[in-house]
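Please read the structure below before turning to the comments.
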Amino acid sequence: MNKFLIVLILVSNISEAQNINMPSTVTVAEISSDSYLGYNNANLICYDKNGNGYIAYTNKKSVNILFNKKDSEKWEYYYKYNGNGIGLPAINILNDTLVCVVWTEKIDDAKNEIKLLYFSTETDTVKYIFTLPTIFNSIAPSFATGDKKIYVTWCETNFQDTVIKFSAFNIMTNLFSEPEDLSIIGIKSDCPGINSSGENVFVCWRDSKLGENQKIYTRVSTNGGKNWGDITLASHIDEFDLIDPVISYSKNYQTETGVLYLSYFGNNKIFLQKSYDLGKTWSSEVIVSNNGAFPRIANNDSGFVLISFEYLKTPENPNVFIDSLKDVGLAYSFDNSNTFSDDTLARTFENAGNVLGSVYKITENEFVLIWLSKLKTHNKINLSKIYF
């Protein structure tokens, strides 16, 4: 079902004391039950410099891009790419004018390959599609943008190992750099996340050594992925597995090197860490929520940090893999993540399963929260603007 509706929920969620404004929820699209947004560690929405919005989703047979013109109440189809065995897409914008989408596509029973699409929002509507050359099966791609490059990270499985890979796509030459291993060979590494600022590229993932719980690692490049610093063990927790890290950066806050934010979950808790030296050392963990999974993070350059996640409705019997038992979680901080708000601000209190909550910065004081509602007959893509 591809019927587009705009539904404004009449009950506003405004809190003067908490100092953010979430005036309404918009249903962007009603889509088929086999359609889905992207991975939890990837961007699900982006905006160009004119305030126009873009969303990508898939139904396994196509990548569908939705478009919203600024100040319009309507989202509509912008482009559709047809393929076979389409994986979950990620979407982002380069130089405020190039919309980029990355996904995997099945080429045989043993291998998925990574596809990249980009188009200009200003000069034309031509869609350029490229394939990232890989040897083994590729899954869970995520990407960031900066300085005329698209930085892609993904998980590649070979005969024995699962490795975090990286490649930079140059839009001036339309070529990918040679894929590079970022994680340690011989260890199961997966769930990569990525962020960037200019030539600074930040990658995080989880590693699972035999006989040990999963831990979170990071690695940083300061020259666009040409060279990489040492692998850093960021997390300090050993008692249980840590899962699905995401990373974000504030380039102007407090110090010349800015601050990195790292979030992930484990034991049904959402954690956050900070680094003031570009990932060489990391702070101790702060608990953002005691009842959540699969976080996403966005921030501005003035100490505001926003974290969305999948809120577990049944804390007495939590299960992060049953979508019907999840709702939208959201927490924020105005003091560089030293303290966080209540974590139930965005809860819908609906019977539907609400998953894939993801946040995105539009401007320094305007953000957006997007999620997927899974109903019995179909799914809905919802969003809510956040102002302060």
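All residue names refer to the structure tokens as shown: chains lettered A, B, ... in order, residues numbered from 1 in each chain, ligands numbered from 1 in order.
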### Nearby residues (only C-alpha atoms) at most 9 Å from Gly83 (chain A), same-chain spacing under 4 positions excluded, as JSON, numbers by chain
{"A": [60, 61, 62, 63, 105, 106]}
Would you mind listing, for every residue of region 229-315 of chain A within 10 Å of region 353-370 of chain A, the two atoms forming the shortest contact and the distance between them in Å to one decimal, using only C-alpha atoms, sorted by chain and ascending residue number, as a Markdown table?
| residue | atom | partner | partner_atom | distance |
| --- | --- | --- | --- | --- |
| A:Ala293 | CA | A:Leu356 | CA | 9.8 |
| A:Phe294 | CA | A:Leu356 | CA | 7.7 |
| A:Pro295 | CA | A:Ser358 | CA | 7.7 |
| A:Arg296 | CA | A:Ser358 | CA | 5.4 |
| A:Ile297 | CA | A:Val359 | CA | 6.3 |
| A:Ala298 | CA | A:Tyr360 | CA | 5.7 |
| A:Asn299 | CA | A:Lys361 | CA | 6.7 |
| A:Asn300 | CA | A:Glu364 | CA | 5.3 |
| A:Asp301 | CA | A:Glu364 | CA | 7.3 |
| A:Ser302 | CA | A:Glu364 | CA | 8.1 |
| A:Phe304 | CA | A:Asn365 | CA | 8.8 |
| A:Leu306 | CA | A:Val359 | CA | 7.3 |
| A:Ile307 | CA | A:Val359 | CA | 7.1 |
| A:Ser308 | CA | A:Ser358 | CA | 5.7 |
| A:Phe309 | CA | A:Gly357 | CA | 5.4 |
| A:Glu310 | CA | A:Val355 | CA | 5.8 |
| A:Tyr311 | CA | A:Val355 | CA | 8.5 |
| A:Leu312 | CA | A:Asn354 | CA | 9.9 |
| A:Lys313 | CA | A:Gly353 | CA | 9.5 |
Prev. selection, C-alpha atoms, output as a short mmCIF file (atom, residue, chain, number, x, y, z; two decimals), in the first residue's frame:
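The result, written out as result28.cif:
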data_model
loop_
_atom_site.label_atom_id
_atom_site.label_comp_id
_atom_site.auth_asym_id
_atom_site.auth_seq_id
_atom_site.Cartn_x
_atom_site.Cartn_y
_atom_site.Cartn_z
CA ALA A 293 17.89 -0.58 22.71
CA PHE A 294 19.33 0.54 19.35
CA PRO A 295 20.17 4.23 19.97
CA ARG A 296 20.68 7.02 17.44
CA ILE A 297 22.36 10.32 18.27
CA ALA A 298 22.35 13.89 16.94
CA ASN A 299 23.80 17.10 18.39
CA ASN A 300 24.57 20.74 17.69
CA ASP A 301 27.74 22.70 18.45
CA SER A 302 26.42 24.28 21.65
CA PHE A 304 22.73 20.01 22.95
CA LEU A 306 19.61 14.24 21.40
CA ILE A 307 19.33 10.45 21.61
CA SER A 308 16.50 8.35 20.20
CA PHE A 309 16.09 4.61 20.74
CA GLU A 310 13.63 1.76 20.87
CA TYR A 311 11.88 1.96 24.24
CA LEU A 312 10.97 -1.44 25.70
CA LYS A 313 7.32 -1.45 26.77
#
### Task
as a VMD selection string, please: all residues of region 25-132 of chain A that backbone DSSP puts in strand (DSSP E).
chain A and resid 26 to 31 45 to 47 53 to 58 62 to 68 75 to 82 90 to 94 98 to 108 111 to 120 128 to 132
Residues just named, written with C-alpha atoms as a JSON list (two decimals), in the first residue's frame:
[["chain", "number", "residue", "atom", "x", "y", "z"],
["A", 26, "VAL", "CA", 3.11, 13.61, 10.98],
["A", 27, "THR", "CA", 2.40, 10.36, 9.19],
["A", 28, "VAL", "CA", 4.63, 10.66, 6.14],
["A", 29, "ALA", "CA", 3.51, 7.52, 4.33],
["A", 30, "GLU", "CA", 1.52, 4.34, 4.72],
["A", 31, "ILE", "CA", 3.54, 1.51, 3.19],
["A", 45, "ILE", "CA", 16.27, 11.05, 6.80],
["A", 46, "CYS", "CA", 18.11, 14.15, 5.58],
["A", 47, "TYR", "CA", 17.43, 17.78, 4.59],
["A", 53, "GLY", "CA", 13.38, 16.66, 3.24],
["A", 54, "TYR", "CA", 14.27, 13.20, 1.87],
["A", 55, "ILE", "CA", 13.54, 9.71, 3.22],
["A", 56, "ALA", "CA", 14.61, 6.31, 1.84],
["A", 57, "TYR", "CA", 12.92, 2.98, 2.51],
["A", 58, "THR", "CA", 12.83, -0.47, 0.89],
["A", 62, "SER", "CA", 13.13, -1.49, -4.63],
["A", 63, "VAL", "CA", 14.69, 1.54, -2.96],
["A", 64, "ASN", "CA", 12.09, 4.29, -2.65],
["A", 65, "ILE", "CA", 12.96, 7.95, -2.03],
["A", 66, "LEU", "CA", 10.33, 10.31, -0.65],
["A", 67, "PHE", "CA", 10.49, 14.10, -0.95],
["A", 68, "ASN", "CA", 9.00, 16.94, 1.07],
["A", 75, "TRP", "CA", 5.48, 13.90, 1.19],
["A", 76, "GLU", "CA", 5.56, 12.31, -2.27],
["A", 77, "TYR", "CA", 7.57, 9.84, -4.31],
["A", 78, "TYR", "CA", 10.74, 11.29, -5.77],
["A", 79, "TYR", "CA", 12.56, 8.26, -7.20],
["A", 80, "LYS", "CA", 12.35, 4.47, -7.28],
["A", 81, "TYR", "CA", 15.22, 2.06, -7.97],
["A", 82, "ASN", "CA", 14.24, -1.53, -8.77],
["A", 90, "ALA", "CA", 20.90, 4.73, 4.51],
["A", 91, "ILE", "CA", 20.46, 8.33, 3.32],
["A", 92, "ASN", "CA", 22.47, 11.49, 3.87],
["A", 93, "ILE", "CA", 23.41, 14.75, 2.14],
["A", 94, "LEU", "CA", 26.75, 16.07, 0.86],
["A", 98, "LEU", "CA", 23.78, 16.15, -3.12],
["A", 99, "VAL", "CA", 21.41, 13.50, -1.73],
["A", 100, "CYS", "CA", 23.20, 10.16, -1.30],
["A", 101, "VAL", "CA", 21.70, 6.71, -0.67],
["A", 102, "VAL", "CA", 23.58, 3.47, 0.10],
["A", 103, "TRP", "CA", 22.16, -0.06, 0.29],
["A", 104, "THR", "CA", 23.04, -3.70, -0.37],
["A", 105, "GLU", "CA", 21.73, -5.78, -3.26],
["A", 106, "LYS", "CA", 21.77, -9.55, -3.59],
["A", 107, "ILE", "CA", 23.78, -10.85, -6.56],
["A", 108, "ASP", "CA", 23.76, -14.57, -5.65],
["A", 111, "LYS", "CA", 26.90, -12.46, -1.66],
["A", 112, "ASN", "CA", 25.40, -9.00, -1.33],
["A", 113, "GLU", "CA", 27.13, -6.03, -2.93],
["A", 114, "ILE", "CA", 26.92, -2.35, -1.97],
["A", 115, "LYS", "CA", 25.21, 0.19, -4.22],
["A", 116, "LEU", "CA", 25.55, 3.98, -4.05],
["A", 117, "LEU", "CA", 23.14, 6.46, -5.60],
["A", 118, "TYR", "CA", 23.46, 10.24, -5.58],
["A", 119, "PHE", "CA", 21.75, 13.16, -7.25],
["A", 120, "SER", "CA", 21.88, 16.94, -7.16],
["A", 128, "TYR", "CA", 24.09, 8.30, -10.64],
["A", 129, "ILE", "CA", 24.39, 4.69, -9.42],
["A", 130, "PHE", "CA", 27.68, 2.95, -8.61],
["A", 131, "THR", "CA", 28.76, -0.42, -7.20],
["A", 132, "LEU", "CA", 31.40, -0.68, -4.48]]
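Atom pair CA of Lys385 (chain A) / CA of Met22 (chain A) has a distance of 6.0 Å (rounded to one decimal).
Residues in contact range of Ser183 (chain A), defined as at most 10 Å between only C-alpha atoms, with sequence neighbours fewer than 2 positions away removed, read Cys155, Thr162, Val163, Ile164, Lys165, Phe166, Glu180, Asp181, Ile185, Gly186, Ile187, Lys188, Ser189, Asp190, Cys204, Trp205, Arg206, Asp207, Tyr217, Thr218, Arg219 and Ile231 of chain A.
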### Task
Could you check which of A:Asp238, A:Asp230, A:Glu256, A:Asp323 is closest to Leu182 (chain A), using only C-alpha atoms?
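Distance minimum relative to Leu182 (chain A) lands on A:Asp230.
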### Message
Could you list, as a PyMOL selection string, every residue within 12 Å of His378 (chain A), counting only C-alpha atoms and ignoring same-chain residues fewer than 5 positions away?
### Response
chain A and resi 1-3+29-36+59+352-353+372-373
#### Entry: One-decimal distance in Å that lies between CA of Ser138 (chain A) and CA of Gly85 (chain A)
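If I compute the distance from CA of Gly85 (chain A) to CA of Ser138 (chain A), I get 12.7 Å.
Between CA of Ser341 (chain A) and CA of Tyr249 (chain A) the interatomic distance comes to 20.3 Å.
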### Message
Using only C-alpha atoms for the distances, tell me which of A:Ser263, A:Ser208, A:Asn40, A:Asn338 is nearest to Asp241 (chain A).
### Response
A:Ser208
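For the residues A:Pro179, A:Gly38, A:Gly229, A:Pro141, ranking by smallest atom-to-atom distance to Ile194 (chain A) using only C-alpha atoms places A:Pro141 first.
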### Task
Name the residues in contact with Val288 (chain A) at a cut-off of 8 Å, using only C-alpha atoms, excluding same-chain residues fewer than 3 positions from it; report them as a list in words.
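So, after excluding close chain neighbours, the residues are Lys269, Ile270, Phe271, Leu272, Ala331, Phe340 and Asp343 of chain A.
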### Query
Using only C-alpha atoms, which of the listed residues (A:Asp244, A:Tyr39, A:Ser333, A:Val305) sits closest to Tyr261 (chain A)?
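Distance minimum relative to Tyr261 (chain A) lands on A:Val305.
The residue that comes closest to Ile247 (chain A), out of A:Thr339, A:Pro192, A:Trp371, A:Thr145 and on the basis of only C-alpha atoms, is A:Pro192.
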### Message
Here is a test: counting only C-alpha atoms, which residue of A:Val203, A:Leu345, A:Ile237, A:Ile243 is nearest to Val152 (chain A)?
### Response
A:Val203
